[in-house]
Structures are given as structure tokens and as C-alpha cells.
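To be precise, the following lines are query28.json, and they hold JSON, C-alpha atoms.
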```json
[["chain", "number", "residue", "atom", "x", "y", "z"],
["A", 3, "GLU", "CA", -92.71, -43.20, 5.52],
["A", 4, "TYR", "CA", -94.58, -42.64, 8.74],
["A", 5, "THR", "CA", -97.01, -39.99, 10.03],
["A", 6, "THR", "CA", -98.06, -39.05, 13.56],
["A", 7, "SER", "CA", -100.70, -36.60, 14.79],
["A", 8, "VAL", "CA", -99.30, -33.74, 16.86],
["A", 9, "SER", "CA", -101.29, -32.41, 19.82],
["A", 10, "GLY", "CA", -100.65, -30.29, 22.90],
["A", 11, "SER", "CA", -99.79, -26.64, 23.34],
["A", 12, "SER", "CA", -98.74, -24.38, 20.50],
["A", 13, "ALA", "CA", -95.22, -24.40, 21.98],
["A", 14, "ARG", "CA", -95.08, -28.19, 21.84],
["A", 15, "ARG", "CA", -96.36, -28.28, 18.26],
["A", 16, "SER", "CA", -93.79, -25.63, 17.32],
["A", 17, "ASN", "CA", -90.99, -27.75, 18.81],
["A", 18, "VAL", "CA", -92.12, -30.79, 16.84],
["A", 19, "GLN", "CA", -92.25, -28.81, 13.61],
["A", 20, "LEU", "CA", -88.86, -27.16, 14.21],
["A", 21, "SER", "CA", -87.07, -30.39, 15.05],
["A", 22, "GLY", "CA", -88.59, -31.98, 11.95],
["A", 23, "GLU", "CA", -87.33, -29.09, 9.81],
["A", 24, "LYS", "CA", -83.82, -29.60, 11.17],
["A", 25, "CYS", "CA", -83.90, -33.22, 9.97],
["A", 26, "ASN", "CA", -85.36, -32.36, 6.58],
["A", 27, "GLY", "CA", -83.03, -32.82, 3.63],
["A", 28, "VAL", "CA", -80.30, -34.72, 5.47],
["A", 29, "ILE", "CA", -78.48, -37.11, 3.13],
["A", 30, "LEU", "CA", -76.70, -40.20, 4.40],
["A", 31, "LEU", "CA", -74.12, -41.94, 2.26],
["A", 32, "PRO", "CA", -73.79, -45.73, 2.51],
["A", 33, "GLY", "CA", -72.51, -46.65, 5.94],
["A", 34, "GLU", "CA", -73.18, -43.21, 7.48],
["A", 35, "VAL", "CA", -75.07, -42.90, 10.76],
["A", 36, "PHE", "CA", -77.83, -40.39, 11.43],
["A", 37, "ASP", "CA", -77.45, -38.93, 14.94],
["A", 38, "TYR", "CA", -80.65, -37.21, 16.04],
["A", 39, "ASN", "CA", -79.17, -35.10, 18.83],
["A", 40, "GLN", "CA", -76.29, -34.02, 16.62],
["A", 41, "VAL", "CA", -78.60, -33.05, 13.75],
["A", 42, "VAL", "CA", -81.28, -31.27, 15.81],
["A", 43, "GLY", "CA", -78.77, -29.70, 18.19],
["A", 44, "GLU", "CA", -79.16, -28.57, 21.76],
["A", 45, "ARG", "CA", -82.70, -27.45, 22.52],
["A", 46, "THR", "CA", -82.24, -23.78, 23.43],
["A", 47, "ALA", "CA", -84.32, -20.64, 23.12],
["A", 48, "ALA", "CA", -81.67, -19.20, 20.80],
["A", 49, "ALA", "CA", -82.23, -22.18, 18.48],
["A", 50, "GLY", "CA", -85.95, -21.41, 18.43],
["A", 51, "PHE", "CA", -87.22, -24.01, 20.88],
["A", 52, "GLN", "CA", -89.97, -23.17, 23.37],
["A", 53, "SER", "CA", -90.85, -24.44, 26.82],
["A", 54, "ALA", "CA", -93.36, -27.29, 26.74],
["A", 55, "PRO", "CA", -94.25, -30.37, 28.85],
["A", 56, "ALA", "CA", -91.69, -33.18, 28.82],
["A", 57, "TYR", "CA", -90.83, -36.21, 30.95],
["A", 58, "SER", "CA", -87.77, -35.89, 33.18],
["A", 59, "ASN", "CA", -86.88, -38.62, 35.67],
["A", 60, "GLY", "CA", -90.45, -39.87, 35.54],
["A", 61, "GLU", "CA", -92.02, -36.48, 36.20],
["A", 62, "THR", "CA", -93.79, -34.10, 33.83],
["A", 63, "VAL", "CA", -91.89, -30.81, 33.71],
["A", 64, "GLN", "CA", -91.74, -27.72, 31.51],
["A", 65, "GLU", "CA", -88.64, -28.01, 29.36],
["A", 66, "LEU", "CA", -87.16, -26.24, 26.37],
["A", 67, "GLY", "CA", -87.84, -28.45, 23.38],
["A", 68, "GLY", "CA", -90.64, -30.47, 24.97],
["A", 69, "GLY", "CA", -92.15, -32.59, 22.22],
["A", 70, "VAL", "CA", -89.01, -33.39, 20.23],
["A", 71, "CYS", "CA", -89.37, -37.05, 21.23],
["A", 72, "GLN", "CA", -92.40, -37.25, 18.96],
["A", 73, "THR", "CA", -90.13, -36.23, 16.09],
["A", 74, "SER", "CA", -87.50, -38.84, 16.93],
["A", 75, "SER", "CA", -90.21, -41.50, 17.39],
["A", 76, "THR", "CA", -91.83, -40.69, 14.03],
["A", 77, "LEU", "CA", -88.45, -40.90, 12.31],
["A", 78, "TYR", "CA", -87.69, -44.16, 14.13],
["A", 79, "CYS", "CA", -90.86, -45.69, 12.70],
["A", 80, "ALA", "CA", -89.97, -44.47, 9.20],
["A", 81, "ALA", "CA", -86.49, -45.98, 9.54],
["A", 82, "LEU", "CA", -87.99, -49.31, 10.60],
["A", 83, "TYR", "CA", -90.29, -49.44, 7.59],
["A", 84, "ALA", "CA", -87.35, -48.50, 5.34],
["A", 85, "ASN", "CA", -85.58, -51.58, 6.75],
["A", 86, "LEU", "CA", -82.63, -49.53, 8.00],
["A", 87, "GLU", "CA", -80.29, -50.59, 10.79],
["A", 88, "ILE", "CA", -81.11, -49.06, 14.19],
["A", 89, "VAL", "CA", -77.94, -48.20, 16.11],
["A", 90, "ASP", "CA", -79.32, -46.59, 19.31],
["A", 91, "ARG", "CA", -82.89, -46.43, 20.55],
["A", 92, "ARG", "CA", -84.49, -46.31, 24.00],
["A", 93, "ASN", "CA", -88.14, -46.33, 25.00],
["A", 94, "HIS", "CA", -89.80, -43.65, 27.14],
["A", 95, "THR", "CA", -90.39, -44.11, 30.85],
["A", 96, "TYR", "CA", -94.13, -44.31, 30.16],
["A", 97, "VAL", "CA", -96.21, -45.28, 27.12],
["A", 98, "SER", "CA", -96.47, -42.54, 24.48],
["A", 99, "GLY", "CA", -99.80, -41.82, 22.84],
["A", 100, "TYR", "CA", -98.56, -40.84, 19.39],
["A", 101, "VAL", "CA", -97.00, -44.14, 18.28],
["A", 102, "PRO", "CA", -97.84, -47.77, 19.08],
["A", 103, "MET", "CA", -96.40, -49.20, 22.25],
["A", 104, "GLY", "CA", -92.84, -50.42, 21.64],
["A", 105, "MET", "CA", -92.28, -48.08, 18.67],
["A", 106, "ASP", "CA", -91.21, -44.88, 20.44],
["A", 107, "ALA", "CA", -87.68, -43.48, 20.63],
["A", 108, "THR", "CA", -86.95, -41.07, 23.47],
["A", 109, "VAL", "CA", -84.15, -38.51, 23.26],
["A", 110, "SER", "CA", -82.57, -35.92, 25.50],
["A", 111, "TRP", "CA", -79.58, -33.65, 25.07],
["A", 112, "GLY", "CA", -76.64, -35.62, 26.46],
["A", 113, "GLY", "CA", -78.60, -38.88, 26.11],
["A", 114, "PRO", "CA", -80.62, -40.98, 25.53],
["A", 115, "GLU", "CA", -79.65, -41.01, 21.87],
["A", 116, "PHE", "CA", -81.43, -42.06, 18.70],
["A", 117, "ARG", "CA", -79.24, -43.18, 15.80],
["A", 118, "PHE", "CA", -79.72, -45.26, 12.69],
["A", 119, "LYS", "CA", -77.41, -46.34, 9.87],
["A", 120, "ASN", "CA", -77.75, -46.25, 6.11],
["A", 121, "ASN", "CA", -77.02, -49.93, 5.60],
["A", 122, "THR", "CA", -77.93, -49.78, 1.89],
["A", 123, "ASP", "CA", -75.53, -49.49, -1.04],
["A", 124, "TYR", "CA", -76.83, -46.08, -2.13],
["A", 125, "PRO", "CA", -77.37, -42.64, -0.55],
["A", 126, "ILE", "CA", -80.66, -41.99, 1.23],
["A", 127, "GLN", "CA", -82.40, -38.70, 2.00],
["A", 128, "ILE", "CA", -84.68, -37.79, 4.90],
["A", 129, "VAL", "CA", -87.70, -35.69, 3.97],
["A", 130, "ALA", "CA", -89.83, -34.16, 6.74],
["A", 131, "SER", "CA", -93.11, -32.29, 6.34],
["A", 132, "TYR", "CA", -95.54, -30.74, 8.81],
["A", 133, "ALA", "CA", -99.11, -29.77, 7.93],
["A", 134, "ASN", "CA", -102.53, -29.85, 9.59],
["A", 135, "SER", "CA", -100.98, -30.90, 12.92],
["A", 136, "LYS", "CA", -99.40, -33.98, 11.36],
["A", 137, "LEU", "CA", -95.69, -34.79, 11.11],
["A", 138, "THR", "CA", -94.52, -37.02, 8.25],
["A", 139, "PHE", "CA", -91.10, -38.49, 7.58],
["A", 140, "GLN", "CA", -90.18, -40.06, 4.26],
["A", 141, "ILE", "CA", -86.91, -41.83, 3.58],
["A", 142, "LEU", "CA", -85.94, -41.77, -0.09],
["A", 143, "GLY", "CA", -83.45, -44.17, -1.62],
["A", 144, "THR", "CA", -82.62, -46.27, -4.66],
["A", 145, "LYS", "CA", -85.00, -49.15, -5.30],
["A", 146, "VAL", "CA", -83.12, -52.34, -6.12],
["A", 147, "SER", "CA", -85.82, -54.86, -5.16],
["A", 148, "ASP", "CA", -89.43, -55.15, -4.06],
["A", 149, "PHE", "CA", -89.79, -55.59, -0.33],
["A", 150, "THR", "CA", -92.16, -54.60, 2.43],
["A", 151, "VAL", "CA", -91.62, -54.40, 6.17],
["A", 152, "GLU", "CA", -94.12, -55.30, 8.86],
["A", 153, "ILE", "CA", -93.57, -54.28, 12.48],
["A", 154, "THR", "CA", -95.47, -56.27, 15.09],
["A", 155, "THR", "CA", -95.41, -56.04, 18.87],
["A", 156, "GLU", "CA", -96.04, -58.54, 21.63],
["A", 157, "THR", "CA", -97.04, -57.43, 25.13],
["A", 158, "LEU", "CA", -95.09, -59.69, 27.46],
["A", 159, "SER", "CA", -96.55, -58.40, 30.72],
["A", 160, "VAL", "CA", -98.90, -55.78, 32.13],
["A", 161, "ILE", "CA", -98.25, -54.28, 35.56],
["A", 162, "SER", "CA", -101.35, -52.58, 36.96],
["A", 163, "PRO", "CA", -100.80, -49.61, 39.28],
["A", 164, "THR", "CA", -100.70, -50.46, 42.95],
["A", 165, "VAL", "CA", -102.80, -48.24, 45.19],
["A", 166, "GLN", "CA", -101.36, -46.04, 47.89],
["A", 167, "GLU", "CA", -103.92, -44.65, 50.34],
["A", 168, "VAL", "CA", -103.00, -41.47, 52.22],
["A", 169, "PRO", "CA", -105.23, -40.27, 55.12],
["A", 170, "ASP", "CA", -106.50, -36.69, 54.70],
["A", 171, "ASP", "CA", -108.26, -35.07, 57.67],
["A", 172, "THR", "CA", -109.67, -32.31, 55.45],
["A", 173, "LEU", "CA", -112.00, -34.78, 53.69],
["A", 174, "GLU", "CA", -115.34, -35.96, 55.04],
["A", 175, "ALA", "CA", -115.27, -39.40, 56.62],
["A", 176, "GLY", "CA", -115.64, -42.14, 54.00],
["A", 177, "THR", "CA", -114.67, -39.83, 51.11],
["A", 178, "THR", "CA", -111.94, -40.80, 48.68],
["A", 179, "VAL", "CA", -110.23, -38.49, 46.17],
["A", 180, "VAL", "CA", -107.95, -39.75, 43.40],
["A", 181, "GLU", "CA", -104.99, -37.40, 43.21],
["A", 182, "ASP", "CA", -102.99, -39.42, 40.66],
["A", 183, "ASN", "CA", -104.28, -42.27, 38.50],
["A", 184, "GLY", "CA", -100.76, -43.66, 38.18],
["A", 185, "HIS", "CA", -99.36, -45.42, 35.13],
["A", 186, "THR", "CA", -99.76, -49.00, 33.98],
["A", 187, "GLY", "CA", -96.43, -50.68, 33.35],
["A", 188, "TYR", "CA", -95.74, -52.81, 30.28],
["A", 189, "LYS", "CA", -93.00, -55.00, 28.90],
["A", 190, "VAL", "CA", -93.12, -55.18, 25.10],
["A", 191, "GLN", "CA", -91.12, -56.96, 22.41],
["A", 192, "SER", "CA", -91.25, -55.73, 18.81],
["A", 193, "TYR", "CA", -90.43, -57.76, 15.71],
["A", 194, "ARG", "CA", -89.41, -56.81, 12.18],
["A", 195, "SER", "CA", -90.67, -59.02, 9.34],
["A", 196, "VAL", "CA", -89.42, -58.47, 5.78],
["A", 197, "TYR", "CA", -91.34, -59.79, 2.77],
["A", 198, "ASP", "CA", -90.36, -60.01, -0.88],
["A", 199, "GLY", "CA", -92.42, -58.60, -3.74],
["A", 200, "ASP", "CA", -94.55, -61.75, -3.88],
["A", 201, "GLY", "CA", -95.40, -61.57, -0.18],
["A", 202, "ASN", "CA", -93.03, -64.35, 0.88],
["A", 203, "LEU", "CA", -91.41, -63.94, 4.29],
["A", 204, "ILE", "CA", -87.68, -63.30, 3.94],
["A", 205, "SER", "CA", -86.86, -62.78, 7.61],
["A", 206, "LYS", "CA", -88.38, -62.14, 11.01],
["A", 207, "THR", "CA", -86.15, -60.77, 13.75],
["A", 208, "GLU", "CA", -86.52, -59.37, 17.24],
["A", 209, "GLU", "CA", -86.36, -55.59, 16.91],
["A", 210, "ALA", "CA", -86.50, -53.97, 20.35],
["A", 211, "TYR", "CA", -87.44, -54.68, 23.94],
["A", 212, "SER", "CA", -89.30, -51.91, 25.80],
["A", 213, "SER", "CA", -89.99, -51.65, 29.52],
["A", 214, "TYR", "CA", -92.47, -48.99, 30.64],
["A", 215, "ARG", "CA", -92.64, -48.09, 34.31],
["A", 216, "MET", "CA", -95.60, -48.59, 36.62],
["A", 217, "THR", "CA", -96.39, -45.82, 39.09],
["A", 218, "GLU", "CA", -98.79, -45.96, 42.02],
["A", 219, "LYS", "CA", -102.35, -44.73, 41.98]]
```
Encoded form using C-alpha cells:
Amino acid sequence: EYTTSVSGSSARRSNVQLSGEKCNGVILLPGEVFDYNQVVGERTAAAGFQSAPAYSNGETVQELGGGVCQTSSTLYCAALYANLEIVDRRNHTYVSGYVPMGMDATVSWGGPEFRFKNNTDYPIQIVASYANSKLTFQILGTKVSDFTVEITTETLSVISPTVQEVPDDTLEAGTTVVEDNGHTGYKVQSYRSVYDGDGNLISKTEEAYSSYRMTEK
């Protein structure tokens, strides 16, 4: 299971809660793939989604369903800790504040997609709950052995924002105003380590590579 804290406008929190509810109760038989966009559906007003801030082509815009990436990211983390197979996952343009760097999963209607597979021998069920501005996903299955999963991340590089200076005749001489702080860029590799019930390492594999964009200050 995995829990994230939900912040932002009431519309954004509503979108997170609604998208979580749409995932709640889904059962995957062995070999079946969970498709987030297919399950949640197109983010429309008729479906109950509201307009809230979202990233689009690197810009912050008001968009129906803004916030649903927090839902997909929370479920992605739960799927990792359940040791399920990730089929499709892409990182955001910029670092997200609600999950650790390298552990987000962005989605948009028409793509990017988030999908994972029930690679166990038994059915699994997704259980979502929302309370006190926290979203929790649990993945229930049949226990056949003791194991734990550890997700670690390695920051491969940090790209500090370059500075672009733009003359402004309306300011007093010698005065500087910061209009945009920019974004620090990062390149991150995540790893999945699986341990048996006695704490012995069974496997350690590269999980995902994430590249977050730098923008100028």
C-alpha cells in the first residue's frame, strides 16, 4: 500500500478523490493489465471532473481533471511495493511534490499512459480510500511467501536553472525582480530490491529512469 497527502484547491482534491474512486474495487485476474486511462475514463465535466491546475507542454494550465496524476502516481508506488510488473510509466516534466523523485507516473487522456500487470498466479484487487486529505491505495492478493520490496533512487545529475536577464525600463536602475524562479532539472534512476522473509536479498533490478526538465530563472 501507499499513501500521499493531497493539497491544492478543492477542485483538485475532488479530482484526486474521484479518480481514486474509479479505481477502487477493480479486480485483475492473473496476466491481466490495469490501464489507468481506460479505468478512470476521459476527464470531462459530465464525468464529474473539475478544472484545476495541471502541467501541459511544460506550462501550468487550468484543465479538467487536474490532479489525477497524483492518483496514478500513488497507485504506481503501491504497485511497486506489491512487486507487480510495470508495463507503461512516464515521469512528469518537472519534479512532483507528493511522491519521491523518480516515483511519479504522469498520465493524460490519449497518453502518456500508466499500466501495470498482475504477474502473480492469483487475482488481485485494488482498494482506494480518501480521508483527511490523504489518498491511499492497497493492493490485495494471495500470500504465497514472505517478501518485502524496497525502492531506492539514485540522482545521476542535477541541472541548475540558467539565468536569463531581461532589461525592463520600468524598474529603477540597479533593481532586479525575479519573475520566474525556474525549475532545477534532474536525472534519476530507481531500483527495486526484493527481500525474502529473513531479510535476504533475492534480487535488485533497475526500475525506471526519469528525466526532469530544467527551465530558466
Name all residues at most 10 Å from Asn121 of chain A (count only C-alpha atoms; drop same-chain ones fewer than 4 positions away) and give them as a list of chain:residue names.
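My list of contacting residues is A:Leu30, A:Leu31, A:Pro32, A:Gly33, A:Glu34, A:Val35, A:Asn85, A:Leu86, A:Glu87, A:Ile88, A:Pro125, A:Ile126.
Here the question is which of A:Ser205, A:Gln166, A:Asn17, A:Gln72 gets nearest to Gly99 of chain A using all atoms listed in the file, and that residue is A:Gln72.
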Please, what distance in Å, to one decimal, runs between atom CA of Gly69 of chain A and atom CA of Glu218 of chain A?
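Straight-line distance from atom CA of Gly69 of chain A to atom CA of Glu218 of chain A works out to 24.8 Å.
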To one decimal place in Å, what is the distance between atom CA of Thr186 of chain A and atom CA of Thr62 of chain A?
16.1 Å
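Between Thr6 of chain A and the candidates A:Gly67, A:Pro102, A:Gly27, A:Gly199, the tightest atom-to-atom separation, counting all atoms listed in the file, involves A:Pro102.
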Near His185 of chain A, within 10 Å and counting all atoms listed in the file, which residues show up once chain neighbours fewer than 6 positions away are dropped, as a compact mmCIF listing (two decimals) with C-alpha atoms, in the frame of the given file?
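Just written: part-v6.txt:
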```txt
# COMPACT_ATOMS: atom_id res chain seq x y z
CA TYR A 96 -94.13 -44.31 30.16
CA VAL A 97 -96.21 -45.28 27.12
CA ILE A 161 -98.25 -54.28 35.56
CA SER A 162 -101.35 -52.58 36.96
CA PRO A 163 -100.80 -49.61 39.28
CA THR A 164 -100.70 -50.46 42.95
CA TYR A 214 -92.47 -48.99 30.64
CA ARG A 215 -92.64 -48.09 34.31
CA MET A 216 -95.60 -48.59 36.62
CA THR A 217 -96.39 -45.82 39.09
CA GLU A 218 -98.79 -45.96 42.02
CA LYS A 219 -102.35 -44.73 41.98
```
